[in-house]
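See structure below.
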Amino acid sequence: MSLAAQLIDLLAALLLLMAFAMLAQRRLMALIGLFAFQGALLAASTAVVAWSTGQAHLWWSAGLTALLKAVVLPLVLRRLAVRLAVARDVEPLVNVPTTLLVGIALVVVAFDLALPMAELAGTITRGTLGIAMACVLLSLLMMITRRRAIAQVIGFLSLENGLFFAATGATYGMPMVVELGIALDVLVGVLVFGIFFFRIRETFDSLDVEHLEKLGDRG
Amino acid sequence: MARDASFLLRFAPYCVFGCMVLAASIVPMVATGLPFAPAADVIALVGLLATARVFMALAAMDAGTAFGSMGARREMLVAGLAEPALLMVFFMPSLIVGSTSLTTIVETLAYQPFALHPSLAFAAVAFVMVLLAENARIPVDNPATHLELTMIHEAMLLEYSGRYLALMEWAHALKLMVYAGIGIALFAPWGVSPAGRWDLVPAALAALAAKLFIGGLALAILETVSAKMRIFRAPEFLGMAFLLAVLGMLILLLQGPPR
Amino acid sequence: MNALPGAIPARLAEVDAAGWRATGAAVRARGGRLLSLWAADRRDLGEGHVAFAAFAGAEGLLLLRLPLANRDAPSAPDLSDLFLPAVRLQRACTDLSGVAFEVARDPRPWLRHGAWPAGVHPLRRDFVARQSFAPVPDDYPFVSVAGEGVHEIPVGPVHAGIIEPGHFRFSVLGERVLRLEERLGYKHKGIEKRFETLAAAEAHRLAGRVSGDSTVAVAWAYAMALEAAWGVQLPARALWLRALLLERERIANHLGDLGMLGNDAGLAFGLAQFGRLKECWLQDNARLWCHRYLMDAIVPGGVGVDLATEQHADLHEAVTELEAEVLELRAVYDEHAGLQDRFRGCGQLSPDLALRLGLTGIAARASGQARDLRVDFPVLPWDVLGVRACTQTGGDVAARVALRFDEIAESLRLLRAVLDDLPEGDCRVPLPAPRAGLGLGWVEGWRGEVLVALETGADCRVRRCHPHDPSWQNWPALEHAVIGNIVPDFPLINKSFNLSYAGVDL
Amino acid sequence: MVFLGRPREPGLVQARDAGPWERWSLAALAAACVLLGLLPVPVLRALEPVAALLVGEGIGAPLEGGWLFLAPVSAQRASYSPLLFLAVIAAAIAGAWLLVRHAWRGCTRLADPWDCGFPAQTARMQDSAEGFGQPVKQIFEPFFRIEREVPDPFDEAPRYAARTSDRLWHWLYLPVAAAVARLSSLLAPLQHGRMHLYLVYSFATLLFLLLVIRA
């Protein structure tokens with residue numbers, strides 16, 4: 001097994017670890033920190049793929065990921081959290097061990113799903129597809145279990161991380177144009193979310209998404 | 001020594017100390033091929049540590065004070081959760097190497113060509129968590145506390161004095177050493193001298209000293225920056241350790257062995 | 001009803017037994033609180049025993065005076081159904097002065113631990129302080145919680161750490177606390193009896209030693225009471241310097257508490273940092289006022305040591321330095337996940353309960369009760385300084401920690417203001433000739449409001465002095481705050497209140 | 001669970017220890033456990049024919065290491081030697097004891113246990129079985145249905161009561177039991193208690209089964 005593949009495996013495992021850590025994290029600020037770290041890991045894994053396969057555009061992609069996901073987005077989120085005065089909030093979580101157990105089950109499911117796909121993929125990093133899938137599922141789980149809107153956005157972004165990792169791992173990345181498009185999309189998405197937060201807050205004086213459920217009743 | 005206590009209170013320190021000495025003699029820290037090593041593998045080692053703990057808890061309850069049984073109650077709570085996590089951690093290198101004998105694990109991991117084991121990283125994190133919990137270190141217990149109501153390990157030693165206390169404390173220090181030794185053997189086995197190579201022993205000793213120094217430093221930093229958690233967070237903490245170990249195992253099984 | 005002399009608004013009313021309860025009910029109906037309750041023996045003056053009760057209301061202090069008819073077995077109506085703090089105050093009063101309270105809820109002794117037999121009352125004038133008694137068996141009946149599997153953990157009076165003695169009886173089930181019962185009184189020293197042997201102009205030294213951590217507050221309250229009784233007018237500079245000392249004491253104690261709270265949550269870093277800050281602060285005290293805890297810095301008639309102008313710059317610098325460091329440490333405390341996890345939701349006291357229990361001081365302000373003498377009755381110098389009230393609504397340990405940080409910031413601001421605008425003039429005036437009189441002193445110490453009621457005799461001596469520590473009000477709150485928590489959280493909750501044992505055992 | 005050996009309730013003053021026969025039966029079980037732990041190989045050997053009969057294959061290999069070592073795969077990979085293990089533990093304990101004897105002579109002073117300076121210790125201060133198990137119960141609280149009656153600090157005579165029941169019991173067993181009860185109440189008319197009718201049932205069933213088998 002080449003060093004590159006081993007490194008990818010390690011980074012993939014760490015990525016999964018981050019996904020679990022985010023699932024268990026109560027505090028928003030720490031959550032944002034974990035998200036930044038996940039972004040950095042993603043950038044590193046892209047860089048390793050770029051290095052081992054010698055594809056120049058992947059270097060760009062790695063750089064972009066590092067800049068956007070490890071620096072810009074966490075900073076934006078941090079400022080949002082501070083401005084919305086939810087920085088010190090503690091997320092009310094449903095029973096952490098139970099969530100994590102569900103998470104483990106999801107990992108198994110993800111690997112089971114990824115197995116046939118991984119057989120088809122001829123890349124050096126076959127085992128990582130399962131992990132990428134698991135990351136996606138875990139991010140979804142995180143979005144389900146969270147109550148604060150900002151934590152759900154982090155879940156959404158981490159979901160995007162998982163997809164991106166699947167792309168680099170399985171197909172050596174997408175064409176540059178697509179990647180740029182996605183990156184911009186995410187940025188715009190976060191901006192929209194940012195505005196959205198302020199609107200929710202103005203209306204309900206809280207960022208608890210449970211308030212949104214009442215909207216239906218009002219008609 | 002408490003007046004009402006039975007022989008258990010006197011016997012327990014020797015028993016705990018004996019168990020720890022034996023445990024220390026099984027873990028290969030400097031060289032492999034230790035005389036007692038074939039007697040027990042990692043699973044028996046866990047059993048050995050559990051024996052020591054049971055005697056300690058029994059002795060704590062023996063004196064019959066409210067604090068002793070309080071300490072025993074909490075110790076059993078922590079231990080009951082730490083043990084499965086510890087076993088899980090042990091299974092991982094065992095799966096990689098295909099043996100539960102510490103000697104074999106060390107020999108295989110130390111002398112095989114370099115390979116990254118992602119799952120070992122998970123096991124290492126889980127192991128550190130178990131180590132903190134089992135050795136009454138800060139996030140779970142405060143070894144320096146003098147608040148009667150918060151302590152776990154100290155509460156059990158409340159009735160001891162003199163030589164018995166010395167033995168208990170010595171055994172406790174040995175336990176930390178054993179854990180450090182296990183950690184080194186599983187996750188950083190480089191530099192351990194193979195059986196029968198006496199010439200490599202000094203180098204191995206130096207390597208051990210260096211590793212222990214780094215480990216001690218890391219432990220000190222970890223303890224300084226973290227606060228003690230609420231006692232009912234401990235199950236969550238150890239549950240996390242267990243899940244991490246399981247996750248590592250899953251990754252090992254699903255990523256497949258290093259190709 | 002006639003007004004009492006002194007800066008603080010206070011009135012005295014003499015009532016009979018029916019008026020005692022009726023006034024109490026009226027005070028309660030108007031949102032007032034019971035501050036303190038004590039009795040004095042006036043049989044040597046040809047009267048009987050007299051019971052006093054001090055209430056705090058929106059207009060200021062109200063002191064009730066109730067002459068008791070029976071000279072040997074006096075009894076007064078019970079107030080404990082109106083004001084919860086009255087329970088222990090009445091029990092202590094029964095032990096010390098032998099005043100029985102009719103239909104009192106709790107007839108158990110409070111301060112009498114078997115050191116003297118029942119029927120002996122140390123605060124009566126005919127009690128000889130030098131006599132000693134054979135110890136009587138002390139079988140104090142604790143309230144036991146019925147139910148299967150409930151057991152008790154006796155903690156104290158001798159604790160493993162270096163803290164004051166007090167016995168805590170936990171009724172627990174495993175780690176779950178079902179009930180906590182405190183038993184204090186281990187530090188009963190007979191301070192009130194000792195006051196009666198001292199010259200009124202000298203007794204501020206004893207007052208300053210009632211509770212070592214609030215020496216400025218109690219000494220100031222004593223001086224205020226004496227100055228009120230003797231009609232002394234203080235120069236402005238003296239009052240400003242007293243304010244400076246009081247805020248320094250507040251900061252020193254808050255710094256120490258924050259460090260200990262960090263330590264009790266297992267964060268040794270906090271103890272080390274705050275310990276260093278407090279030590280530097282205390283060393284400044286020692287350098288400028290010759291005592292680390294500022295004992296004897298306040299004397300009746302002014303302050304003992306004046307502040308030289310060249311020392312202003314030093315103090316300014318220390319304030320600026322401390323402000324920066326505390327801000328930094330506050331960020332560390334706020335961001336520390338493990339610490340916040342311990343603090344939040346721990347030892348919660350709801351504002352309603354705080355009101356019902358009649359809490360004072362930081363414990364009340366952390367539970368949403370905006371109650372601060374410096375704000376509510378802004379006498380000189382507080383009116384000029386313009387104190388801002390700090391409150392938190394959480395009522396948990398986190399709120400009490402945050403409140404301490406807020407108060408440190410506010411006190412530092414006040415210190416700066418004092419240093420900038422310190423009036424010129426004398427810092428001490430001579431006392432007039434002693435005369436008989438009654439005076440009250442009421443000061444917002446760091447822990448809460450300290451009340452000293454002083455009665456001077458026609459000779460130079462103190463006739464009766466009753467120093468009241470805010471811990472009287474706040475100790476019972478601890479029994480409520482701990483419910484629903486687990487045993488190992490108790491030290492943290494206890495520390496977050498940091499109540500005085502010495503101040504209530506007297 | 002009893003600590004200090006003092007009764008917690010007045011009714012337990014007359015409690016006495018179990019008789020020798022009751023104790024003996026428990027002791028025998030415990031001894032069997034110890035024996036199994038110490039001498040697994042002979043036991044396994046004795047069991048092997050049974051396993052071979054059931055599974056079709058014996059354990060084989062582990063038993064070849066002699067009766068002292070249990071090596072499920074090979075001594076290299078995993079081994080366990082209980083007797084040696086016990087001997088070493090015993091030696092270590094004895095060694096520790098001798099060492100202490102050698103290093104320190106003197107008698108142990110007996111004193112009262114630590115009481116925090118509050119000498120009036122009562123039987124209520126003993127830990128109770130419920131108390132000892134409470135932490136574990138609290139961890140698994142989501143799985144139980146616990147109804148608690150928690151005393152208020154203002155109570156003059158506080159009392160605590162808790163009723164624990166299994167959630168599964170309520171969700172699964174009770175509905176099933178209710179269903180069964182309903183079903184059997186439907187069948188109740190069949191039971192009238194006359195002996196020959198029951199015989200008729202048996203006979204009919206037998207006949208039915210025979211017919212089924214034949215078909």
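Chain lettering (A, B, ...) mirrors the order of the structure tokens, residue numbering begins at 1 for each chain separately, and ligand numbering begins at 1 in order of display.
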Test item: chain D residues at most 6 Å from chain C, counting only C-alpha atoms, as a JSON list (two decimals) with C-alpha atoms, in the first residue's frame:
[["chain", "number", "residue", "atom", "x", "y", "z"],
["D", 116, "CYS", "CA", -15.46, 14.49, 60.19],
["D", 117, "GLY", "CA", -15.37, 15.48, 63.83],
["D", 124, "ARG", "CA", -28.64, 5.72, 58.93],
["D", 125, "MET", "CA", -25.21, 6.73, 57.66],
["D", 128, "SER", "CA", -27.89, 1.33, 51.31],
["D", 130, "GLU", "CA", -30.46, 1.44, 46.60],
["D", 131, "GLY", "CA", -27.88, 4.13, 47.17],
["D", 132, "PHE", "CA", -25.05, 1.99, 45.90],
["D", 134, "GLN", "CA", -28.28, 4.66, 42.16],
["D", 158, "PRO", "CA", -39.89, 14.78, 54.35],
["D", 159, "ARG", "CA", -40.17, 11.44, 52.69],
["D", 160, "TYR", "CA", -38.84, 9.97, 49.51],
["D", 161, "ALA", "CA", -40.36, 7.27, 47.45]]
For chain C, work out the contacting residues on chain B at 7 Å, counting only C-alpha atoms, and write them as a short mmCIF file (atom, residue, chain, number, x, y, z; two decimals) with all heavy atoms, in the first residue's frame.
data_model
loop_
_atom_site.label_atom_id
_atom_site.label_comp_id
_atom_site.auth_asym_id
_atom_site.auth_seq_id
_atom_site.Cartn_x
_atom_site.Cartn_y
_atom_site.Cartn_z
N ALA B 66 -19.42 6.56 55.62
CA ALA B 66 -20.20 7.02 54.48
C ALA B 66 -19.28 7.35 53.30
O ALA B 66 -19.64 7.14 52.15
CB ALA B 66 -21.02 8.25 54.86
N ILE B 138 -7.55 14.20 36.10
CA ILE B 138 -8.47 15.33 36.29
C ILE B 138 -9.85 15.35 35.66
O ILE B 138 -10.80 15.62 36.37
CB ILE B 138 -7.73 16.65 36.10
CG1 ILE B 138 -7.60 17.20 37.50
CG2 ILE B 138 -8.43 17.63 35.18
CD1 ILE B 138 -7.61 18.55 37.79
N ASN B 142 -10.18 14.16 40.79
CA ASN B 142 -9.09 15.09 41.04
C ASN B 142 -8.14 14.46 42.06
O ASN B 142 -8.51 14.29 43.21
CB ASN B 142 -9.67 16.40 41.57
CG ASN B 142 -8.62 17.46 41.68
OD1 ASN B 142 -7.43 17.19 41.52
ND2 ASN B 142 -9.04 18.66 41.95
N HIS B 146 -9.10 17.82 48.20
CA HIS B 146 -9.35 17.49 49.59
C HIS B 146 -10.81 17.78 49.94
O HIS B 146 -11.14 17.99 51.09
CB HIS B 146 -8.40 18.25 50.49
CG HIS B 146 -7.01 17.72 50.39
ND1 HIS B 146 -6.67 16.45 50.78
CD2 HIS B 146 -5.89 18.25 49.88
CE1 HIS B 146 -5.41 16.23 50.54
NE2 HIS B 146 -4.90 17.30 49.99
N LEU B 147 -11.63 17.84 48.94
CA LEU B 147 -13.05 18.02 49.21
C LEU B 147 -13.65 16.63 49.34
O LEU B 147 -13.67 15.87 48.39
CB LEU B 147 -13.70 18.78 48.05
CG LEU B 147 -13.17 20.19 47.86
CD1 LEU B 147 -13.57 20.73 46.51
CD2 LEU B 147 -13.68 21.09 48.95
N GLU B 148 -14.12 16.33 50.54
CA GLU B 148 -14.57 14.96 50.81
C GLU B 148 -15.63 14.50 49.82
O GLU B 148 -15.70 13.34 49.47
CB GLU B 148 -15.21 14.85 52.20
CG GLU B 148 -14.39 15.31 53.36
CD GLU B 148 -14.68 16.75 53.71
OE1 GLU B 148 -14.96 17.53 52.78
OE2 GLU B 148 -14.60 17.10 54.88
N LEU B 149 -16.46 15.43 49.42
CA LEU B 149 -17.65 15.01 48.69
C LEU B 149 -17.39 14.75 47.22
O LEU B 149 -18.20 14.13 46.55
CB LEU B 149 -18.74 16.09 48.82
CG LEU B 149 -19.26 16.21 50.24
CD1 LEU B 149 -20.15 17.41 50.36
CD2 LEU B 149 -20.02 14.96 50.61
N THR B 150 -16.28 15.21 46.70
CA THR B 150 -16.07 15.06 45.26
C THR B 150 -15.12 13.93 44.93
O THR B 150 -15.01 13.54 43.79
CB THR B 150 -15.51 16.33 44.65
OG1 THR B 150 -14.29 16.64 45.31
CG2 THR B 150 -16.46 17.48 44.79
N THR B 224 -4.04 20.43 33.24
CA THR B 224 -4.07 21.84 33.60
C THR B 224 -5.17 22.57 32.85
O THR B 224 -5.83 23.45 33.40
CB THR B 224 -2.71 22.49 33.28
OG1 THR B 224 -1.69 21.65 33.79
CG2 THR B 224 -2.61 23.85 33.90
N VAL B 225 -5.34 22.20 31.59
CA VAL B 225 -6.30 22.98 30.80
C VAL B 225 -7.73 22.48 30.93
O VAL B 225 -8.64 23.12 30.44
CB VAL B 225 -5.93 23.01 29.30
CG1 VAL B 225 -4.57 23.64 29.11
CG2 VAL B 225 -5.96 21.62 28.71
N SER B 226 -7.92 21.34 31.59
CA SER B 226 -9.30 20.87 31.64
C SER B 226 -9.84 20.92 33.06
O SER B 226 -9.08 20.81 34.02
CB SER B 226 -9.41 19.45 31.08
OG SER B 226 -8.50 18.62 31.73
N ALA B 227 -11.13 21.11 33.15
CA ALA B 227 -11.77 21.12 34.46
C ALA B 227 -12.33 19.74 34.73
O ALA B 227 -12.51 18.93 33.83
CB ALA B 227 -12.88 22.16 34.48
N LYS B 228 -12.61 19.50 35.99
CA LYS B 228 -13.18 18.22 36.36
C LYS B 228 -14.64 18.19 35.89
O LYS B 228 -15.36 19.17 36.04
CB LYS B 228 -13.12 18.08 37.87
CG LYS B 228 -13.48 16.73 38.37
CD LYS B 228 -13.15 16.70 39.85
CE LYS B 228 -13.74 15.54 40.55
NZ LYS B 228 -15.14 15.36 40.59
N MET B 229 -15.03 17.07 35.35
CA MET B 229 -16.40 17.03 34.86
C MET B 229 -17.34 16.53 35.96
O MET B 229 -16.91 15.94 36.94
CB MET B 229 -16.50 16.14 33.64
CG MET B 229 -16.20 14.70 33.88
SD MET B 229 -16.37 13.77 32.39
CE MET B 229 -14.88 14.17 31.54
N ARG B 230 -18.58 16.81 35.78
CA ARG B 230 -19.59 16.33 36.70
C ARG B 230 -19.56 14.81 36.68
O ARG B 230 -19.31 14.22 35.64
CB ARG B 230 -20.94 16.82 36.21
CG ARG B 230 -21.83 17.27 37.28
CD ARG B 230 -23.00 17.98 36.69
NE ARG B 230 -22.76 19.42 36.69
CZ ARG B 230 -23.68 20.29 36.36
NH1 ARG B 230 -24.85 19.88 35.98
NH2 ARG B 230 -23.41 21.57 36.38
#
Q. Contacts of Asp81 of chain C at 9 Å or less, counting only C-alpha atoms, minus same-chain residues fewer than 3 places along, as number ranges by chain?
A. C: 78, 84, 86-87, 104-105
Prev. selection, N, CA, C and O atoms, output as a CSV table (one decimal), in the first residue's frame:
chain,number,residue,atom,x,y,z
C,78,ASP,N,-44.0,34.9,67.5
C,78,ASP,CA,-43.2,34.3,66.4
C,78,ASP,C,-43.3,35.1,65.1
C,78,ASP,O,-44.4,35.5,64.8
C,84,LEU,N,-38.9,33.9,56.6
C,84,LEU,CA,-38.2,32.7,56.8
C,84,LEU,C,-36.8,32.8,57.5
C,84,LEU,O,-36.5,32.0,58.3
C,86,ALA,N,-36.2,34.4,60.0
C,86,ALA,CA,-36.5,34.6,61.4
C,86,ALA,C,-36.3,33.2,62.2
C,86,ALA,O,-36.0,33.2,63.4
C,87,VAL,N,-36.4,32.1,61.5
C,87,VAL,CA,-36.3,30.8,62.2
C,87,VAL,C,-35.1,30.7,63.0
C,87,VAL,O,-35.1,30.5,64.2
C,104,ALA,N,-43.1,28.8,67.9
C,104,ALA,CA,-42.0,28.8,66.9
C,104,ALA,C,-42.0,27.4,66.2
C,104,ALA,O,-42.3,26.4,66.8
C,105,ARG,N,-41.7,27.5,64.9
C,105,ARG,CA,-41.7,26.2,64.1
C,105,ARG,C,-40.7,25.2,64.6
C,105,ARG,O,-40.8,24.0,64.5
**Q.** Residue neighbourhood Phe55 of chain C, 8 Å, only C-alpha atoms, exclusion window fewer than 5 positions, as a PyMOL selection string
**A.** chain C and resi 27+32-36+61-63
With N, CA, C and O atoms retained, export the selected residues as a short mmCIF file (atom, residue, chain, number, x, y, z; two decimals), in the first residue's frame.
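In the end it all went to result_3.cif:
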data_model
loop_
_atom_site.label_atom_id
_atom_site.label_comp_id
_atom_site.auth_asym_id
_atom_site.auth_seq_id
_atom_site.Cartn_x
_atom_site.Cartn_y
_atom_site.Cartn_z
N VAL C 27 -45.08 45.07 57.01
CA VAL C 27 -43.81 45.19 56.27
C VAL C 27 -43.77 44.17 55.14
O VAL C 27 -43.39 44.46 54.01
N GLY C 32 -41.28 44.36 52.21
CA GLY C 32 -40.09 44.54 53.03
C GLY C 32 -39.51 43.21 53.48
O GLY C 32 -40.10 42.15 53.27
N ARG C 33 -38.34 43.29 54.10
CA ARG C 33 -37.66 42.06 54.53
C ARG C 33 -37.26 42.20 56.00
O ARG C 33 -37.04 43.30 56.50
N LEU C 34 -37.12 41.05 56.64
CA LEU C 34 -36.58 41.04 57.99
C LEU C 34 -35.06 41.00 57.87
O LEU C 34 -34.50 40.15 57.20
N LEU C 35 -34.41 41.96 58.51
CA LEU C 35 -32.95 41.98 58.46
C LEU C 35 -32.36 41.18 59.61
O LEU C 35 -31.54 40.30 59.40
N SER C 36 -32.79 41.54 60.81
CA SER C 36 -32.19 40.86 61.94
C SER C 36 -33.13 40.91 63.13
O SER C 36 -34.12 41.64 63.12
N LEU C 61 -34.62 51.71 56.98
CA LEU C 61 -34.67 50.74 58.07
C LEU C 61 -35.83 51.04 59.00
O LEU C 61 -36.17 52.20 59.23
N LEU C 62 -36.40 49.97 59.51
CA LEU C 62 -37.41 50.14 60.54
C LEU C 62 -37.00 49.24 61.69
O LEU C 62 -36.83 48.03 61.53
N LEU C 63 -36.80 49.86 62.86
CA LEU C 63 -36.38 49.09 64.01
C LEU C 63 -37.56 48.99 64.97
O LEU C 63 -38.11 50.01 65.40
#
Q) Quick one: residues within 8 Å of segment 285-291 of chain C, only C-alpha atoms counted, chain neighbours fewer than 5 positions away excluded, as a PyMOL selection string? A) chain C and resi 297+305+307
Residue selection dump (C-alpha atoms) as a JSON list (two decimals), in the first residue's frame:
[["chain", "number", "residue", "atom", "x", "y", "z"],
["C", 297, "ALA", "CA", -8.22, 50.78, 58.78],
["C", 305, "VAL", "CA", -4.57, 55.88, 57.63],
["C", 307, "LEU", "CA", -3.85, 58.23, 51.51]]
Q.
Taking the DSSP secondary structure from the backbone, can you list the residues of segment 287-505 of chain C that are helix (DSSP H, G or I), as an MDAnalysis selection string?
A. chainID C and resid 287:289 311:335 337:343 351:357 361:366 373:376 382:385 397:421 471:481 487:497 502:505
Q. Among segment 174-337 of chain C, which ones does DSSP place in strand (DSSP E or B), written as a ChimeraX atom specification?
A. /C:176-183,199,298-299,302-303
**Q.** Counting only C-alpha atoms, chain A residues within 9 Å of chain B, as a ChimeraX atom specification
**A.** /A:1-3,6-7,9-14,17,20,24,96-97,100-101,104,107-108,111,126-128,130-131
Could you write out that same residue set with C-alpha atoms as a CSV table (one decimal), in the first residue's frame?
chain,number,residue,atom,x,y,z
A,1,MET,CA,0.0,0.0,0.0
A,2,SER,CA,1.5,3.3,-1.0
A,3,LEU,CA,2.1,6.1,1.4
A,6,GLN,CA,-2.2,5.3,3.7
A,7,LEU,CA,-2.3,9.0,4.2
A,9,ASP,CA,-6.9,6.5,4.8
A,10,LEU,CA,-5.7,8.2,7.9
A,11,LEU,CA,-7.2,11.6,6.8
A,12,ALA,CA,-10.4,9.8,6.0
A,13,ALA,CA,-10.5,8.3,9.4
A,14,LEU,CA,-9.8,11.7,11.0
A,17,LEU,CA,-13.6,11.3,13.8
A,20,PHE,CA,-18.4,12.2,15.3
A,24,ALA,CA,-21.2,15.1,20.3
A,96,VAL,CA,-25.2,12.1,23.3
A,97,PRO,CA,-24.4,8.4,23.7
A,100,LEU,CA,-23.4,8.4,18.8
A,101,LEU,CA,-24.7,4.8,18.8
A,104,ILE,CA,-22.1,4.1,14.5
A,107,VAL,CA,-21.4,4.2,9.5
A,108,VAL,CA,-22.0,0.5,9.0
A,111,PHE,CA,-20.0,1.2,4.3
A,126,ARG,CA,-11.5,2.7,-2.5
A,127,GLY,CA,-12.2,2.4,1.2
A,128,THR,CA,-12.7,6.1,1.6
A,130,GLY,CA,-17.7,4.5,2.6
A,131,ILE,CA,-16.2,7.1,5.0
Q. What is the distance, in Å and to one decimal place, between atom CA of Ser165 of chain D and atom CA of Ala85 of chain B?
A.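 Atom CA of Ala85 of chain B lies at a distance of 28.6 Å from atom CA of Ser165 of chain D.
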Q: Write out as a PyMOL selection string each polymer residue whose atoms come within 8 Å of segment 23-33 of chain B, counting only C-alpha atoms; drop sequence neighbours fewer than 5 positions from it.
A: chain B and resi 40+45+48-49+102-103+106-107+174-175+177-178+181-182+184-185+192-196+201+204-205+208
Kindly provide the residues of chain D that approach chain B to within 8 Å, each paired with its closest atom pair and their distance in Å to one decimal, based on only C-alpha atoms, listed by chain and increasing number, as a tab-separated table.
residue	atom	partner	partner_atom	distance
D:Phe3	CA	B:Gly64	CA	5.6
D:Leu4	CA	B:Gly64	CA	5.0
D:Ala75	CA	B:Pro38	CA	7.6
D:Gln76	CA	B:Thr104	CA	6.9
D:Arg77	CA	B:Ser99	CA	4.1
D:Ala78	CA	B:Thr100	CA	5.2
D:Ser79	CA	B:Ala40	CA	6.2
D:Tyr80	CA	B:Ala40	CA	5.1
D:Ser81	CA	B:Ala39	CA	5.2
D:Pro82	CA	B:Ala39	CA	7.6
D:Leu84	CA	B:Ala39	CA	6.5
D:Phe85	CA	B:Ala39	CA	5.9
D:Val88	CA	B:Leu22	CA	7.2
D:Ile89	CA	B:Gly18	CA	6.1
D:Ala90	CA	B:Gly18	CA	7.6
D:Ala91	CA	B:Gly18	CA	7.9
D:Ala92	CA	B:Gly18	CA	4.5
D:Ile93	CA	B:Gly18	CA	4.4
D:Ala94	CA	B:Tyr14	CA	7.8
D:Gly95	CA	B:Gly18	CA	7.8
D:Ala96	CA	B:Tyr14	CA	6.0
D:Trp97	CA	B:Tyr14	CA	6.2
D:Val100	CA	B:Arg163	CA	7.4
D:Trp104	CA	B:Arg163	CA	7.8
D:Thr108	CA	B:Met1	CA	7.0
D:Arg109	CA	B:Met1	CA	6.3
D:Leu110	CA	B:Met1	CA	4.9
D:Ala111	CA	B:Ala2	CA	5.2
D:Asp112	CA	B:Ala2	CA	5.2
D:Pro113	CA	B:Ala2	CA	4.7
D:Trp114	CA	B:Glu159	CA	6.8
D:Asp115	CA	B:Thr65	CA	7.6
D:Met125	CA	B:Ala66	CA	5.9
D:Gln126	CA	B:Ala66	CA	6.0
D:Asp127	CA	B:Ala66	CA	6.3
D:Phe132	CA	B:Arg73	CA	5.6
D:Gly133	CA	B:Arg73	CA	7.7
D:Pro135	CA	B:Leu77	CA	6.8
D:Val136	CA	B:Leu77	CA	6.5
D:Ile139	CA	B:Pro235	CA	7.3
Q. Please, what distance in Å, to one decimal, runs between atom CA of Arg416 of chain C and atom CA of Asp469 of chain C?
A.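 Atom-to-atom, atom CA of Arg416 of chain C and atom CA of Asp469 of chain C are spaced 28.1 Å apart.
Of the residues under consideration (D:Phe203, D:Trp21, D:Phe140, D:Phe118), D:Phe140 shows the shortest atom-to-atom contact distance to chain A when counting only C-alpha atoms.
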Q. Separation of atom CA of Leu246 of chain C and atom CA of Leu271 of chain C, in Å?
A. 23.2 Å
